[in-house]
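The structure under discussion appears below in the form of structure tokens.
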Amino acid sequence: MSRLQRLMRVAGKRRRLVVGLMSGTSVDGIDAALVEIEGGGEDARVHLVAFRSFPFPDSLRQRIFHLFDPATARIEELCKLDFLVGELFAEAAKRLLAENGFAPEDVDVIGTAGQTVWHAPEPVVAELAVDWAGELLMTRSTLAIGQSAVIAERTGALTLGDLRVRDVAAGGHGAPLIAYADWVLLRHPTLGRCVQNIGGIGNVTYLPPGAARQDVVAFDTGPGNMVIDALAEALSAGEMKFDRDGAMAARGQVREALLAELREHPFFAREPPKTTGREVFGVQFARELLARAGDAAPEDLVATATALTASTIAEAYERFLAPRGPIDEVIVGGGGAKNPTLMRMLRERLPSDAIIVRHEERGIDSRAKEALGIAVIANDSLLGLETNVTGATGGRGTVLGKLNL
């Protein structure tokens with residue numbers, strides 16, 4: 001059987017076994033989900049077979065973080081890490097399969113978005129004197145490492161990688177990607193739902209009652225854990241990587257004047273669709289916050305950063321989502337959902353009649369949610385379905401991913 005014939009056979013199956021691989025803005029490691037999917041699109045039936053998270057070693061994590069900072073990024077390191085991280089993605093997929101009694105040849109398709117290292121989706125005019133191009137070139141860009149060709153070669157599986165770039169080419173932001181899976185998995189006939197992820201960056205998907213795909217709205221709300229983590233690490237001289245259980249923030253007082261200054265950042269007022277990342281709210285933002293700290297105690301700074309996350313999520317709901325329909329439920333996931341101080345601050349700021357629940361209360365393992373979503377996108381892209389959401393990314397409808405046969 002040729003590889004093209006294999007592709008046609010897999011696409012024609014009613015039930016497929018899919019691996020979704022995800023590494024987010026926190027760069028903790030690789031989340032790997034093994035998922036059985038029957039059908040596709042809004043009628044898909046999705047079952048999580050197995051999940052495991054594979055942590056990055058600290059040395060590799062630091063090398064990836066160096067790519068986020070223009071002062072330390074190097075082109076040769078970018079090239080090397082693209083392939084090295086691809087090897088680790090492949091190893092994660094193979095280990096997940098082996099631990100659950102499967103072989104790589106049992107898998108129909110592997111999906112991965114890679115590890116984003118730079119994200120610049122706003123359009124810019126290219127200053128090029130190219131008379132044969134016929135018009136000014138308007139470009140957007142995003143860059144992820146974790147070479148999907150390596151994953152395909154090491155596993156032998158059909159691999160859909162680099163999921164963001166086609167949407168960016170279609171005029172979108174390339175994110176939030178998981179809005180499509182939120183629609184497949186969590187839409188409700190009578191309830192308006194906000195699906196709020198609080199990872200390194202916070203993002204929300206709004207599913208109005210009875211939502212069709214074109215009704216879905218999603219965007220980044222701003223920093224999630226990113227600024228909190230950066231402050232915790234800086235203020236503890238590297239001993240802490242994050243504020244465990246929100247304990248540091250719980251001991252501090254929110255500096256309201258400083259919080260008001262931080263909320264003046266232009267990103268928060270921009271209309272969706274919009275996305276952001278470490279290039280805006282990464283170490284540079286944390287350094288600026290420290291420079292403004294004055295006499296604030298370390299606990300006060302972490303409390304203020306935690307309040308920034310909570311208040312900007314709530315403000316985004318009030319400004320951009322409430323006018324579109326009811327907010328009956330807020331389904332929270334990501335690392336921020338495990339931070340009691342952050343969750344308390346969020347509850348205090350959201351409408352009192354909105355029910356706040358974890359993904360588990362709606363039948364989804366929150367640890368696996370992002371990787372599960374990648375698997376859903378890979379499955380439906382393989383079927384030729386449009387897998388971006390215009391109301392999330394702003395891009396024209398298109399099929400996401402680069403296919404490695």
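Just so we're on the same page: first chain in the structure tokens is A, next is B, and so on; residues restart at 1 for each chain, and ligands are numbered from 1 in the order they show up.
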
**Message:** Could you go through region 169-396 of chain A and tell me which residues DSSP, when run on the backbone, assigns to strand (DSSP E or B), listing them as a list in words?
**Reply:**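 Of region 169-396 of chain A, only Arg193, Cys194, Val195, Gln196, Asn197, Ile198, Ile201, Gly202, Asn203, Val204, Thr205, Tyr206, Leu207, Val217, Ala218, Phe219, Asp220, Thr221, Gly222, Pro223, Glu329, Val330, Ile331, Val332, Gly333, Ile355, Ile356, Val357 and Arg358 of chain A fall in strand (DSSP E or B).
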
**Message:** What's around Asn339 (chain A) at 8 Å? Count only C-alpha atoms, leave out sequence neighbours fewer than 5 positions away in its own chain, and write the answer as a list in words.
**Reply:**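 Those residues are Arg244, Asp245 and Gly246 of chain A.
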
**Request:** For CA of Ala93 (chain A) and CA of Gly199 (chain A), quote the distance in Å rounded to one decimal.
**Result:** 22.1 Å

**Request:** Name all residues at most 6 Å from Ile110 (chain A) (count only C-alpha atoms; drop same-chain ones fewer than 4 positions away) and give them as an MDAnalysis selection string.
**Result:** chainID A and resid 18:20 159

**Residue neighbourhood Pro208 (chain A), 7 Å, only C-alpha atoms, exclusion window fewer than 2 positions, as a list in words** = Leu191, Gly192, Arg193, Tyr206, Gly210, Ala211 and Gly325 of chain A

Residue subset to file, keeping N, CA and C atoms, as an mmCIF file, in the first residue's frame:
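Result saved to out.cif:
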data_model
loop_
_atom_site.group_PDB
_atom_site.id
_atom_site.type_symbol
_atom_site.label_atom_id
_atom_site.label_comp_id
_atom_site.auth_asym_id
_atom_site.auth_seq_id
_atom_site.Cartn_x
_atom_site.Cartn_y
_atom_site.Cartn_z
ATOM 1 N N LEU A 191 -27.514 26.594 27.186
ATOM 2 C CA LEU A 191 -26.651 27.364 28.084
ATOM 3 C C LEU A 191 -25.563 28.104 27.314
ATOM 4 N N GLY A 192 -25.277 29.315 27.758
ATOM 5 C CA GLY A 192 -24.123 30.040 27.252
ATOM 6 C C GLY A 192 -22.917 29.702 28.117
ATOM 7 N N ARG A 193 -21.855 29.220 27.489
ATOM 8 C CA ARG A 193 -20.693 28.746 28.234
ATOM 9 C C ARG A 193 -19.433 29.505 27.840
ATOM 10 N N TYR A 206 -16.164 31.453 23.889
ATOM 11 C CA TYR A 206 -17.566 31.670 24.234
ATOM 12 C C TYR A 206 -18.444 30.873 23.296
ATOM 13 N N GLY A 210 -26.816 26.754 21.828
ATOM 14 C CA GLY A 210 -27.042 26.158 20.515
ATOM 15 C C GLY A 210 -26.053 26.604 19.457
ATOM 16 N N ALA A 211 -24.814 26.847 19.818
ATOM 17 C CA ALA A 211 -23.834 27.475 18.921
ATOM 18 C C ALA A 211 -23.539 26.642 17.682
ATOM 19 N N GLY A 325 -24.486 37.480 24.552
ATOM 20 C CA GLY A 325 -25.423 36.469 25.030
ATOM 21 C C GLY A 325 -25.176 36.139 26.479
#

**Proximity to Ile198 (chain A) - best of A:Asn388, A:Thr398, A:Thr72, A:Ser26, only C-alpha atoms** =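 Among A:Asn388, A:Thr398, A:Thr72, A:Ser26, it is A:Ser26 that comes nearest to Ile198 (chain A).
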
Please identify every residue of region 219-337 of chain A that has at least one atom no farther than 9 Å from an atom of region 161-181 of chain A, counting only C-alpha atoms, and for each give the shortest atom pair and the distance in Å to one decimal, arranged by chain then increasing number, as a Markdown table.
| residue | atom | partner | partner_atom | distance |
| --- | --- | --- | --- | --- |
| A:Phe219 | CA | A:Pro176 | CA | 6.1 |
| A:Asp220 | CA | A:Pro176 | CA | 7.0 |
| A:Pro273 | CA | A:His173 | CA | 7.6 |
| A:Lys274 | CA | A:His173 | CA | 6.9 |
| A:Thr275 | CA | A:Ala175 | CA | 6.5 |
| A:Thr276 | CA | A:Ala175 | CA | 9.0 |

**Message:** If we count only C-alpha atoms and set the cut-off at 12 Å, which residues sit around Asp295 (chain A), ignoring sequence neighbours fewer than 6 positions away in its own chain? Please answer as a VMD selection string.
**Reply:** chain A and resid 255 258 301

**Request:** Go through A:Asp108, A:Glu261, A:Asp365, A:Glu42 one by one, measure the shortest atom-to-atom distance of each to Thr387 (chain A) using only C-alpha atoms, and give the residue with the smallest value.
**Result:** A:Glu42

**Message:** Given only C-alpha atoms as the basis, pick out the residue of A:Ala392, A:Leu207, A:Ile374, A:Leu289 nearest to Met22 (chain A).
**Reply:** A:Ile374

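Going from CA of Leu372 (chain A) to CA of Phe51 (chain A) covers 8.8 Å.
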
**Asked** as a list in words, which residues of region 167-208 of chain A does DSSP assign to helix (DSSP H, G or I)?
**Response** Asp167, Val168, Ala169, Ala179, Tyr180, Ala181, Asp182, Trp183, Val184, Leu185 and Leu186 of chain A

**Request:** Tell me, as a PyMOL selection string, which residues lie within 9 Å of Leu96 (chain A), counting only C-alpha atoms; anything in the same chain fewer than 2 positions away does not count.
**Result:** chain A and resi 32-34+50-52+91-94+98-102

**Counting only C-alpha atoms, the option among A:Val357, A:Leu321, A:Val85, A:Ala297 closest to Ser23 (chain A)** =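 Closest candidate: A:Val85.
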
**Request:** For Ile30 (chain A), work out the shell of residues within 7 Å, counting only C-alpha atoms and skipping chain neighbours fewer than 3 positions away, then give it as a list in words.
**Result:**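 Those residues are Leu21, Met22, Ser23, Ser53, Phe54, Pro55 and Phe89 of chain A.
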
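The two atoms in question, CA of Gly24 (chain A) and CA of Glu386 (chain A), are spaced 22.9 Å apart.
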
**Request:** Using only C-alpha atoms, find the one residue out of A:Gly222, A:Pro70, A:Gly391, A:Gly384 that sits nearest to Met8 (chain A).
**Result:**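 Looking only at the distances to Met8 (chain A), the closest residue turns out to be A:Gly384.
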
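The shortest atom-to-atom distance to Ala286 (chain A), with only C-alpha atoms taken into account, belongs to A:Leu235 out of A:Val217, A:Leu7, A:Leu235, A:Ala371.
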